[in-house]
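For reference, the structure is listed below as structure tokens.
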Amino acid sequence: MSKTELAKRVNLSATPCWERLRKLESSGLIRSYHADIAIEKLGPHVVVFVTVELESHKAENFQTFERAVALHDEIISCWAIGGGFDYLLQIVTRDVGSYQALIDALLSARIGLKRYFSYIVTKEVKRVPLPIERLLGQGE
């Protein structure tokens, strides 16, 4: 959306709107901008969610694992989680073979990966932007 359109939507003139936007960016509230790519139109791909359990739960083991994850572009998200597993990864890659090659690389890197479980996405059911109004208590 253009800056002019944004200003109209929030009922401000262009200059004050742009200044507020820059403040939101510089404060870190807006981290980046992204295109919503229809990946299925680009070509074959597979989305896999992976739960990971580490061998040890020392701080250096978590750091080692997180550094290794940062090296692989196919790992598009990684969350540290509570409960039965230590991490949840979201991986997007060409096919199951390239996914397996990535897992093999992680295992051979000896980064403390004890076990993992793979969940291949068969269909996207829902994906929406963050519910900002609800998070701020305004949509109730």
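Chain labels A, B, ... are given in the sequence in which chains occur in the structure tokens; within each chain residues are numbered consecutively from 1, and ligands are likewise numbered from 1 in the order shown.
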
List the spatial neighbours of Cys78 (chain A) as a list in words - criterion: any atom at most 12 Å away, only C-alpha atoms, same-chain residues fewer than 3 positions off excluded.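 What passes the distance filter is Val48, Phe49, Val50, Thr51, Val52, Phe65, Glu66, Arg67, Ala68, Val69, Ala70, His72, Asp73, Glu74, Ile75, Ile81, Asp86, Tyr87, Leu88, Leu89, Gln90 and Ile91 of chain A.
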
Resulting file, chosen residues, N, CA and C atoms, as a PDB file, in the first residue's frame:
ATOM      1  N   VAL A  48       7.473 -28.578   6.122  1.00  0.00           N
ATOM      2  CA  VAL A  48       7.588 -29.580   7.175  1.00  0.00           C
ATOM      3  C   VAL A  48       7.756 -28.866   8.511  1.00  0.00           C
ATOM      4  N   PHE A  49       6.968 -29.277   9.498  1.00  0.00           N
ATOM      5  CA  PHE A  49       7.175 -28.840  10.872  1.00  0.00           C
ATOM      6  C   PHE A  49       7.925 -29.954  11.577  1.00  0.00           C
ATOM      7  N   VAL A  50       8.917 -29.583  12.375  1.00  0.00           N
ATOM      8  CA  VAL A  50       9.759 -30.573  13.033  1.00  0.00           C
ATOM      9  C   VAL A  50       9.874 -30.219  14.507  1.00  0.00           C
ATOM     10  N   THR A  51       9.536 -31.174  15.365  1.00  0.00           N
ATOM     11  CA  THR A  51       9.787 -30.994  16.793  1.00  0.00           C
ATOM     12  C   THR A  51      11.153 -31.593  17.100  1.00  0.00           C
ATOM     13  N   VAL A  52      11.914 -30.913  17.929  1.00  0.00           N
ATOM     14  CA  VAL A  52      13.294 -31.301  18.216  1.00  0.00           C
ATOM     15  C   VAL A  52      13.495 -31.407  19.722  1.00  0.00           C
ATOM     16  N   PHE A  65      22.813 -25.275  19.058  1.00  0.00           N
ATOM     17  CA  PHE A  65      21.723 -25.650  18.177  1.00  0.00           C
ATOM     18  C   PHE A  65      21.194 -24.436  17.427  1.00  0.00           C
ATOM     19  N   GLU A  66      20.981 -23.344  18.130  1.00  0.00           N
ATOM     20  CA  GLU A  66      20.428 -22.137  17.506  1.00  0.00           C
ATOM     21  C   GLU A  66      21.371 -21.552  16.465  1.00  0.00           C
ATOM     22  N   ARG A  67      22.676 -21.612  16.706  1.00  0.00           N
ATOM     23  CA  ARG A  67      23.645 -21.145  15.705  1.00  0.00           C
ATOM     24  C   ARG A  67      23.583 -22.014  14.453  1.00  0.00           C
ATOM     25  N   ALA A  68      23.445 -23.312  14.639  1.00  0.00           N
ATOM     26  CA  ALA A  68      23.372 -24.230  13.494  1.00  0.00           C
ATOM     27  C   ALA A  68      22.111 -23.983  12.681  1.00  0.00           C
ATOM     28  N   VAL A  69      20.992 -23.764  13.350  1.00  0.00           N
ATOM     29  CA  VAL A  69      19.723 -23.501  12.668  1.00  0.00           C
ATOM     30  C   VAL A  69      19.832 -22.234  11.819  1.00  0.00           C
ATOM     31  N   ALA A  70      20.514 -21.233  12.317  1.00  0.00           N
ATOM     32  CA  ALA A  70      20.647 -19.960  11.604  1.00  0.00           C
ATOM     33  C   ALA A  70      21.403 -20.105  10.280  1.00  0.00           C
ATOM     34  N   HIS A  72      20.925 -22.393   7.967  1.00  0.00           N
ATOM     35  CA  HIS A  72      20.150 -23.075   6.932  1.00  0.00           C
ATOM     36  C   HIS A  72      18.940 -22.228   6.528  1.00  0.00           C
ATOM     37  N   ASP A  73      18.958 -21.735   5.302  1.00  0.00           N
ATOM     38  CA  ASP A  73      17.876 -20.878   4.802  1.00  0.00           C
ATOM     39  C   ASP A  73      16.541 -21.597   4.721  1.00  0.00           C
ATOM     40  N   GLU A  74      16.555 -22.919   4.532  1.00  0.00           N
ATOM     41  CA  GLU A  74      15.301 -23.666   4.420  1.00  0.00           C
ATOM     42  C   GLU A  74      14.533 -23.692   5.744  1.00  0.00           C
ATOM     43  N   ILE A  75      15.231 -23.494   6.842  1.00  0.00           N
ATOM     44  CA  ILE A  75      14.574 -23.392   8.148  1.00  0.00           C
ATOM     45  C   ILE A  75      14.095 -21.953   8.259  1.00  0.00           C
ATOM     46  N   ILE A  81      10.372 -23.928  22.648  1.00  0.00           N
ATOM     47  CA  ILE A  81       9.050 -24.201  23.204  1.00  0.00           C
ATOM     48  C   ILE A  81       9.167 -24.937  24.527  1.00  0.00           C
ATOM     49  N   ASP A  86      12.046 -29.290  22.781  1.00  0.00           N
ATOM     50  CA  ASP A  86      12.801 -28.061  23.002  1.00  0.00           C
ATOM     51  C   ASP A  86      12.553 -27.008  21.921  1.00  0.00           C
ATOM     52  N   TYR A  87      12.351 -27.454  20.676  1.00  0.00           N
ATOM     53  CA  TYR A  87      12.186 -26.522  19.566  1.00  0.00           C
ATOM     54  C   TYR A  87      11.124 -27.016  18.593  1.00  0.00           C
ATOM     55  N   LEU A  88      10.538 -26.061  17.900  1.00  0.00           N
ATOM     56  CA  LEU A  88       9.658 -26.350  16.776  1.00  0.00           C
ATOM     57  C   LEU A  88      10.229 -25.598  15.578  1.00  0.00           C
ATOM     58  N   LEU A  89      10.531 -26.339  14.508  1.00  0.00           N
ATOM     59  CA  LEU A  89      11.081 -25.748  13.300  1.00  0.00           C
ATOM     60  C   LEU A  89      10.031 -25.754  12.203  1.00  0.00           C
ATOM     61  N   GLN A  90      10.054 -24.755  11.356  1.00  0.00           N
ATOM     62  CA  GLN A  90       9.271 -24.759  10.129  1.00  0.00           C
ATOM     63  C   GLN A  90      10.265 -24.727   8.984  1.00  0.00           C
ATOM     64  N   ILE A  91      10.159 -25.723   8.123  1.00  0.00           N
ATOM     65  CA  ILE A  91      11.095 -25.881   7.017  1.00  0.00           C
ATOM     66  C   ILE A  91      10.325 -25.848   5.711  1.00  0.00           C
TER      67      ILE A  91
END

Write out as a PyMOL selection string all residues of chain A that DSSP puts in alpha helix (DSSP H) for this structure's backbone. chain A and resi 3-9+14-26+39-42+59-70+96-108+132-135

Identify, with DSSP run on backbone atoms, the residues in region 2-131 of chain A assigned to strand (DSSP E), and express the list as an MDAnalysis selection string. chainID A and resid 46:54 75:80 87:93 113:120

To one decimal place, how far is CA of Gly112 (chain A) from CA of His45 (chain A) in Å? 27.8 Å

With a distance cut-off of 12 Å and only C-alpha atoms, select the neighbouring residues of Gly43 (chain A), excluding the residue or stretch itself and same-chain residues fewer than 4 positions from it, and output the selection as a ChimeraX atom specification. /A:37-39,93-95
